[in-house]
$ cat protein_5.txt   # compact mmCIF, C-alpha atoms
# COMPACT_ATOMS: atom_id res chain seq x y z
CA MET A 1 8.86 0.52 -13.52
CA SER A 2 12.07 2.14 -12.27
CA VAL A 3 12.57 5.90 -12.30
CA ALA A 4 15.14 5.56 -15.10
CA GLY A 5 12.77 3.43 -17.15
CA LEU A 6 9.93 5.86 -16.52
CA LYS A 7 12.00 8.82 -17.71
CA THR A 8 13.06 6.91 -20.83
CA ALA A 9 9.44 6.11 -21.67
CA ILE A 10 8.38 9.72 -21.09
CA SER A 11 11.25 11.02 -23.23
CA ALA A 12 10.08 8.82 -26.10
CA LYS A 13 6.53 10.11 -25.70
CA ILE A 14 7.75 13.71 -25.64
CA ALA A 15 9.74 13.18 -28.84
CA LYS A 16 6.68 11.74 -30.55
CA GLU A 17 4.29 14.43 -29.35
CA SER A 18 6.67 17.24 -30.30
CA LYS A 19 5.91 16.40 -33.95
CA LEU A 20 2.16 16.26 -33.40
CA ARG A 21 1.06 18.91 -30.92
CA ARG A 22 2.81 22.19 -30.17
CA TYR A 23 1.97 25.75 -29.38
CA GLU A 24 2.34 28.30 -32.16
CA GLY A 25 5.90 29.55 -32.26
CA VAL A 26 7.76 26.21 -32.10
CA SER A 27 8.38 25.15 -35.67
CA GLU A 28 8.86 21.63 -37.06
CA ALA A 29 12.51 22.44 -37.72
CA THR A 30 12.99 23.61 -34.14
CA ALA A 31 11.30 20.49 -32.81
CA GLU A 32 13.61 18.31 -34.87
CA ARG A 33 16.75 20.29 -34.00
CA GLU A 34 16.33 20.91 -30.27
CA PRO A 35 16.04 18.24 -27.54
CA SER A 36 12.62 18.05 -25.93
CA ALA A 37 13.98 19.30 -22.60
CA GLU A 38 15.19 22.49 -24.29
CA ILE A 39 11.85 23.03 -25.97
CA LEU A 40 10.14 22.52 -22.62
CA SER A 41 12.25 25.31 -21.14
CA ARG A 42 11.01 27.82 -23.70
CA ARG A 43 8.17 30.13 -22.89
CA ARG A 44 6.09 28.83 -25.80
CA ARG A 45 6.32 25.10 -25.08
CA ILE A 46 5.05 22.00 -26.74
CA TRP A 47 1.79 20.69 -25.35
CA LEU A 48 2.18 17.99 -22.72
CA PRO A 49 -0.17 16.62 -20.10
CA ARG A 50 0.56 18.25 -16.74
CA SER A 51 1.45 14.93 -15.11
CA ILE A 52 4.04 14.08 -17.79
CA ALA A 53 5.60 17.54 -17.61
CA ALA A 54 5.83 17.15 -13.84
CA ILE A 55 7.63 13.83 -14.10
CA PHE A 56 10.07 15.07 -16.73
CA GLY A 57 10.76 18.36 -15.00
CA ASN A 58 12.58 17.43 -11.80
CA PHE A 59 9.71 15.15 -10.79
CA ASP A 60 7.87 18.00 -9.15
CA ILE A 61 5.25 20.65 -9.91
CA SER A 62 4.54 22.60 -6.71
CA GLY A 63 5.54 19.50 -4.80
CA ASN A 64 2.44 17.59 -5.92
CA PHE A 65 4.13 14.65 -7.64
CA LYS A 66 6.70 14.21 -4.87
CA LYS A 67 3.94 14.43 -2.27
CA ARG A 68 1.87 11.80 -4.10
CA MET A 69 4.86 9.48 -4.34
CA ASN A 70 5.39 9.76 -0.58
CA GLU A 71 1.73 8.90 0.01
CA TYR A 72 2.04 5.78 -2.12
CA ASP A 73 5.22 4.77 -0.31
CA LEU A 74 3.35 4.94 2.99
CA LEU A 75 0.39 3.07 1.51
CA ARG A 76 2.70 0.25 0.40
CA ALA A 77 3.72 -0.19 4.05
CA ALA A 78 0.06 -0.32 5.09
CA ILE A 79 -0.65 -2.90 2.38
CA ALA A 80 2.18 -5.03 3.74
CA GLU A 81 0.46 -4.93 7.13
CA ALA A 82 -2.86 -5.91 5.52
CA ARG A 83 -1.29 -8.90 3.82
CA LEU A 84 0.39 -9.92 7.07
CA GLY A 85 -2.97 -9.88 8.80
CA PHE A 86 -4.53 -11.96 6.06
CA SER A 87 -1.72 -14.53 6.33
CA GLU A 88 -2.62 -14.85 10.02
CA GLY A 89 -6.22 -15.69 9.13
CA GLY A 90 -7.49 -12.17 9.68
CA ILE A 91 -9.09 -9.42 7.64
CA PRO A 92 -6.71 -7.74 5.13
CA ILE A 93 -6.72 -4.17 6.39
CA GLY A 94 -3.47 -2.48 7.38
CA SER A 95 -2.43 0.88 8.78
CA VAL A 96 0.68 2.92 9.55
CA LEU A 97 1.39 6.20 11.30
CA ALA A 98 4.08 8.52 9.96
CA ASP A 99 5.62 11.74 11.19
CA SER A 100 5.99 14.95 9.19
CA THR A 101 9.18 13.68 7.51
CA GLY A 102 7.46 10.52 6.25
CA LYS A 103 9.14 8.27 8.81
CA ILE A 104 6.86 5.45 9.97
CA VAL A 105 6.47 5.52 13.75
CA SER A 106 3.88 2.76 14.18
CA ARG A 107 2.28 -0.12 12.26
CA GLY A 108 -0.78 -2.27 12.74
CA HIS A 109 -3.30 -4.53 11.05
CA ASN A 110 -6.77 -5.81 11.81
CA LEU A 111 -6.50 -8.32 14.69
CA ARG A 112 -10.17 -8.85 15.46
CA ILE A 113 -10.23 -12.50 14.36
CA GLN A 114 -6.79 -13.31 15.73
CA THR A 115 -7.41 -11.87 19.21
CA GLY A 116 -11.18 -11.92 19.58
CA ASP A 117 -11.08 -8.20 20.37
CA PRO A 118 -13.98 -6.46 18.57
CA THR A 119 -12.17 -3.10 18.75
CA ALA A 120 -8.95 -4.37 17.15
CA HIS A 121 -9.40 -2.67 13.79
CA ALA A 122 -6.24 -1.82 11.91
CA GLU A 123 -6.22 1.91 12.65
CA VAL A 124 -6.97 1.42 16.36
CA VAL A 125 -4.23 -1.21 16.63
CA CYS A 126 -1.78 1.11 14.86
CA ILE A 127 -2.60 4.04 17.16
CA ARG A 128 -2.39 1.74 20.19
CA ASN A 129 1.04 0.50 19.05
CA ALA A 130 2.27 4.11 18.84
CA GLY A 131 2.13 4.29 22.63
CA ARG A 132 2.03 7.46 24.67
CA ARG A 133 3.05 10.53 22.68
CA THR A 134 2.44 14.25 22.46
CA ASP A 135 2.98 14.75 18.73
CA TRP A 136 -0.29 13.30 17.40
CA HIS A 137 -1.06 16.68 15.80
CA ASN A 138 2.02 16.22 13.56
CA LEU A 139 1.28 12.66 12.43
CA VAL A 140 -0.34 11.16 9.35
CA LEU A 141 -2.58 8.11 9.58
CA VAL A 142 -2.56 5.74 6.60
CA SER A 143 -5.11 2.96 6.09
CA THR A 144 -5.73 0.59 3.20
CA LEU A 145 -9.48 1.09 3.66
CA SER A 146 -11.70 4.03 4.58
CA PRO A 147 -11.81 4.09 8.42
CA CYS A 148 -15.04 3.08 10.15
CA ILE A 149 -16.71 5.38 12.66
CA MET A 150 -14.79 3.80 15.57
CA CYS A 151 -11.41 4.29 13.91
CA THR A 152 -12.40 7.76 12.76
CA GLY A 153 -13.33 8.71 16.31
CA THR A 154 -10.01 7.43 17.66
CA SER A 155 -8.11 9.47 15.10
CA LEU A 156 -10.18 12.58 15.82
CA LEU A 157 -9.67 12.18 19.57
CA TYR A 158 -5.92 12.55 19.10
CA ARG A 159 -6.28 15.33 16.52
CA ILE A 160 -4.38 13.57 13.74
CA PRO A 161 -4.58 16.19 10.97
CA LYS A 162 -4.22 14.05 7.84
CA VAL A 163 -5.48 10.63 6.78
CA ILE A 164 -4.39 8.77 3.64
CA ILE A 165 -6.92 6.19 2.46
CA GLY A 166 -6.08 3.35 0.09
CA GLU A 167 -9.63 3.07 -1.21
CA ASN A 168 -13.26 3.76 -0.28
CA LEU A 169 -15.08 1.91 -3.05
CA THR A 170 -15.67 -1.34 -1.18
CA PHE A 171 -16.49 0.48 2.05
CA LYS A 172 -16.83 4.18 2.81
CA GLY A 173 -16.44 4.96 6.47
CA ALA A 174 -17.09 8.15 8.41
CA GLU A 175 -15.26 10.47 6.02
CA ASP A 176 -17.91 13.14 6.58
CA LEU A 177 -16.80 13.38 10.21
CA PHE A 178 -13.21 13.90 9.13
CA ALA A 179 -14.34 16.66 6.78
CA ALA A 180 -16.43 18.31 9.50
CA LYS A 181 -13.36 18.48 11.73
CA GLY A 182 -11.12 19.85 9.01
CA VAL A 183 -9.00 16.72 8.63
CA GLN A 184 -7.18 16.51 5.30
CA LEU A 185 -8.15 13.36 3.40
CA SER A 186 -6.25 11.82 0.51
CA VAL A 187 -8.14 8.94 -1.13
CA LEU A 188 -5.85 7.10 -3.57
CA GLN A 189 -8.27 4.45 -4.94
CA ASP A 190 -5.38 2.03 -5.14
CA ARG A 191 -6.12 -1.00 -7.32
CA GLU A 192 -4.36 -3.46 -5.05
CA CYS A 193 -6.36 -2.28 -2.04
CA ILE A 194 -9.63 -2.50 -3.98
CA GLU A 195 -8.96 -5.99 -5.31
CA MET A 196 -7.78 -7.21 -1.90
CA MET A 197 -11.01 -6.14 -0.17
CA ARG A 198 -13.34 -7.17 -3.00
CA SER A 199 -11.87 -10.66 -2.92
CA PHE A 200 -12.16 -10.94 0.85
CA ILE A 201 -15.72 -9.63 0.99
CA LYS A 202 -16.77 -12.01 -1.78
CA ASN A 203 -15.19 -15.04 -0.12
CA ARG A 204 -15.95 -14.22 3.55
CA PRO A 205 -19.03 -11.98 3.67
CA ASP A 206 -19.93 -13.29 7.13
CA ILE A 207 -16.60 -12.23 8.63
CA TRP A 208 -16.74 -8.89 6.87
CA ASN A 209 -20.27 -8.10 8.07
CA GLU A 210 -19.22 -9.05 11.60
CA ASP A 211 -16.30 -6.62 11.34
CA ILE A 212 -18.49 -3.64 10.42
CA GLY A 213 -21.34 -4.51 12.75
CA VAL A 214 -23.89 -5.81 10.24
CA PRO A 215 -26.14 -8.36 11.97
CA PRO A 216 -26.55 -11.79 10.31
CA GLU A 217 -29.60 -12.46 8.19
CA HIS A 218 -32.14 -14.92 9.59
$ encode --input "protein_5.txt" --output "structure tokens"
Amino acid sequence: MSVAGLKTAISAKIAKESKLRRYEGVSEATAEREPSAEILSRRRRIWLPRSIAAIFGNFDISGNFKKRMNEYDLLRAAIAEARLGFSEGGIPIGSVLADSTGKIVSRGHNLRIQTGDPTAHAEVVCIRNAGRRTDWHNLVLVSTLSPCIMCTGTSLLYRIPKVIIGENLTFKGAEDLFAAKGVQLSVLQDRECIEMMRSFIKNRPDIWNEDIGVPPEH
């Protein structure tokens, strides 16, 4: 849904809720007479969920909504990498690196099947593609899936301070190591990421187990 469409939908919800739930001090007549935005600006405001109030009010409460939107924008780029890898016959895991302004400086996807390189996980490929740099401590690593211990170690080696994870339901990597080193984690539990990995694991369990080092059953 577009931003304009989202604001229209929220405005309709606000108008409806202004008649149903309000703090004491905002009368029915006031609710009918004043636009919702004006009521919201009063000290004694109508009740609204925090997320809706954030969207309606300049799209930002302490920067949280804007920050979350930026994280999802970066995740969309990582998902595009994952889908590219899958179209090549590989495992659908993608990654990007971004600087402090949100600009993507490197991209990568899992190339283990395509290249025969057992270390070519998405995050490692993305970091490798970034080349030599001295600003790792200002970068953000984004991955569609919780990074394995190898990818976690690579990120920790270069002191990347923040990692955005698309989901960790199908596989939870070494997130405890990130936490122990004070790395900021943001796990989005994105539906597209979850469905993408669930489908792949169901259809190609042998390839998936090979990717995470699980020996075949005999």
$ residues_around --input "protein_5.txt" --residues "segment 149-162 of chain A" --least-positions-apart "2" --cutoff "7 Å" --atoms "only C-alpha atoms" --output "ChimeraX atom specification"
/A:123-124,136-141,147,164,173-174,183-185
$ closest_residue --input "protein_5.txt" --among "A:Glu175, A:Lys103, A:Ile212, A:Phe86" --to "Thr119 of chain A" --atoms "only C-alpha atoms"
A:Ile212
$ residues_around --input "protein_5.txt" --residues "Asn129 of chain A" --least-positions-apart "2" --cutoff "7 Å" --atoms "all atoms listed in the file" --output "list in words"
Ser106, Arg107, Val125, Cys126, Ile127 and Gly131 of chain A
$ atom_distance --input "protein_5.txt" --atom1 "atom CA of Asp117 of chain A" --atom2 "atom CA of Gly90 of chain A"
12.0 Å
$ closest_residue --input "protein_5.txt" --among "A:Leu74, A:Leu84, A:Leu97, A:Ile113" --to "Trp208 of chain A" --atoms "all atoms listed in the file"
A:Ile113
$ closest_residue --input "protein_5.txt" --among "A:Ser100, A:Met197, A:Ala120, A:Thr134" --to "Ser146 of chain A" --atoms "all atoms listed in the file"
A:Met197
$ closest_residue --input "protein_5.txt" --among "A:Ile104, A:Cys193, A:Cys148, A:Val96" --to "Gly213 of chain A" --atoms "all atoms listed in the file"
A:Cys148
$ atom_distance --input "protein_5.txt" --atom1 "atom CA of Arg128 of chain A" --atom2 "atom CA of Thr115 of chain A"
14.5 Å
$ atom_distance --input "protein_5.txt" --atom1 "atom CA of Gly108 of chain A" --atom2 "atom CA of Arg83 of chain A"
11.1 Å
$ closest_residue --input "protein_5.txt" --among "A:Gly94, A:Ser186, A:Arg198, A:Asp135" --to "Thr170 of chain A" --atoms "all atoms listed in the file"
A:Arg198
$ decode --input "protein_5.txt" --residues "segment 72-152 of chain A" --atoms "C-alpha atoms" --output "mmCIF file, in the first residue's frame"
data_model
loop_
_atom_site.group_PDB
_atom_site.id
_atom_site.type_symbol
_atom_site.label_atom_id
_atom_site.label_comp_id
_atom_site.auth_asym_id
_atom_site.auth_seq_id
_atom_site.Cartn_x
_atom_site.Cartn_y
_atom_site.Cartn_z
ATOM 1 C CA TYR A 72 12.740 -3.092 5.684
ATOM 2 C CA ASP A 73 14.050 -1.177 2.674
ATOM 3 C CA LEU A 74 17.453 -2.771 3.188
ATOM 4 C CA LEU A 75 15.878 -6.190 3.719
ATOM 5 C CA ARG A 76 14.036 -5.875 0.401
ATOM 6 C CA ALA A 77 17.427 -5.497 -1.304
ATOM 7 C CA ALA A 78 18.719 -8.595 0.479
ATOM 8 C CA ILE A 79 15.610 -10.535 -0.584
ATOM 9 C CA ALA A 80 16.277 -9.534 -4.181
ATOM 10 C CA GLU A 81 19.747 -11.050 -3.821
ATOM 11 C CA ALA A 82 18.257 -14.228 -2.350
ATOM 12 C CA ARG A 83 15.862 -14.596 -5.264
ATOM 13 C CA LEU A 84 18.695 -13.988 -7.717
ATOM 14 C CA GLY A 85 20.669 -16.784 -6.116
ATOM 15 C CA PHE A 86 17.699 -19.126 -6.285
ATOM 16 C CA SER A 87 17.222 -18.333 -9.991
ATOM 17 C CA GLU A 88 20.828 -19.436 -10.502
ATOM 18 C CA GLY A 89 20.087 -22.812 -8.911
ATOM 19 C CA GLY A 90 21.434 -21.834 -5.509
ATOM 20 C CA ILE A 91 20.119 -21.447 -1.985
ATOM 21 C CA PRO A 92 17.811 -18.410 -1.502
ATOM 22 C CA ILE A 93 19.767 -16.413 1.055
ATOM 23 C CA GLY A 94 20.805 -12.841 0.326
ATOM 24 C CA SER A 95 22.759 -10.120 2.081
ATOM 25 C CA VAL A 96 23.671 -6.452 1.748
ATOM 26 C CA LEU A 97 25.984 -4.064 3.563
ATOM 27 C CA ALA A 98 24.918 -0.466 4.131
ATOM 28 C CA ASP A 99 26.637 2.585 5.532
ATOM 29 C CA SER A 100 25.305 4.856 8.278
ATOM 30 C CA THR A 101 23.148 6.797 5.793
ATOM 31 C CA GLY A 102 21.424 3.631 4.549
ATOM 32 C CA LYS A 103 23.339 3.564 1.264
ATOM 33 C CA ILE A 104 24.089 0.023 0.106
ATOM 34 C CA VAL A 105 27.826 -0.448 -0.408
ATOM 35 C CA SER A 106 27.894 -4.173 -1.197
ATOM 36 C CA ARG A 107 25.580 -7.043 -2.147
ATOM 37 C CA GLY A 108 25.859 -10.809 -2.189
ATOM 38 C CA HIS A 109 23.960 -14.079 -2.169
ATOM 39 C CA ASN A 110 24.734 -17.684 -1.345
ATOM 40 C CA LEU A 111 27.016 -19.060 -4.088
ATOM 41 C CA ARG A 112 27.959 -22.389 -2.560
ATOM 42 C CA ILE A 113 26.156 -24.497 -5.177
ATOM 43 C CA GLN A 114 27.050 -22.238 -8.092
ATOM 44 C CA THR A 115 30.788 -22.084 -7.325
ATOM 45 C CA GLY A 116 31.450 -25.206 -5.276
ATOM 46 C CA ASP A 117 32.959 -23.008 -2.557
ATOM 47 C CA PRO A 118 31.780 -24.269 0.866
ATOM 48 C CA THR A 119 32.486 -20.866 2.446
ATOM 49 C CA ALA A 120 30.405 -18.895 -0.075
ATOM 50 C CA HIS A 121 27.504 -18.111 2.233
ATOM 51 C CA ALA A 122 25.586 -14.942 1.483
ATOM 52 C CA GLU A 123 27.052 -12.808 4.260
ATOM 53 C CA VAL A 124 30.641 -13.889 3.528
ATOM 54 C CA VAL A 125 30.154 -13.196 -0.187
ATOM 55 C CA CYS A 126 28.687 -9.772 0.609
ATOM 56 C CA ILE A 127 31.590 -8.864 2.915
ATOM 57 C CA ARG A 128 34.069 -10.176 0.338
ATOM 58 C CA ASN A 129 32.431 -8.047 -2.369
ATOM 59 C CA ALA A 130 32.847 -4.948 -0.181
ATOM 60 C CA GLY A 131 36.600 -5.144 -0.756
ATOM 61 C CA ARG A 132 39.234 -3.495 1.379
ATOM 62 C CA ARG A 133 37.826 -0.788 3.635
ATOM 63 C CA THR A 134 38.403 0.878 6.973
ATOM 64 C CA ASP A 135 34.819 1.797 7.845
ATOM 65 C CA TRP A 136 33.493 -1.630 8.860
ATOM 66 C CA HIS A 137 32.671 -0.225 12.305
ATOM 67 C CA ASN A 138 30.149 2.131 10.649
ATOM 68 C CA LEU A 139 28.386 -0.473 8.495
ATOM 69 C CA VAL A 140 25.215 -2.497 8.888
ATOM 70 C CA LEU A 141 25.009 -6.104 7.716
ATOM 71 C CA VAL A 142 21.619 -7.309 6.459
ATOM 72 C CA SER A 143 20.765 -10.961 5.831
ATOM 73 C CA THR A 144 17.525 -12.686 4.925
ATOM 74 C CA LEU A 145 18.379 -15.476 7.385
ATOM 75 C CA SER A 146 20.047 -15.635 10.791
ATOM 76 C CA PRO A 147 23.813 -15.879 10.095
ATOM 77 C CA CYS A 148 25.560 -19.185 10.785
ATOM 78 C CA ILE A 149 28.609 -19.345 13.036
ATOM 79 C CA MET A 150 30.978 -18.844 10.072
ATOM 80 C CA CYS A 151 29.187 -15.717 8.864
ATOM 81 C CA THR A 152 28.836 -14.467 12.420
#
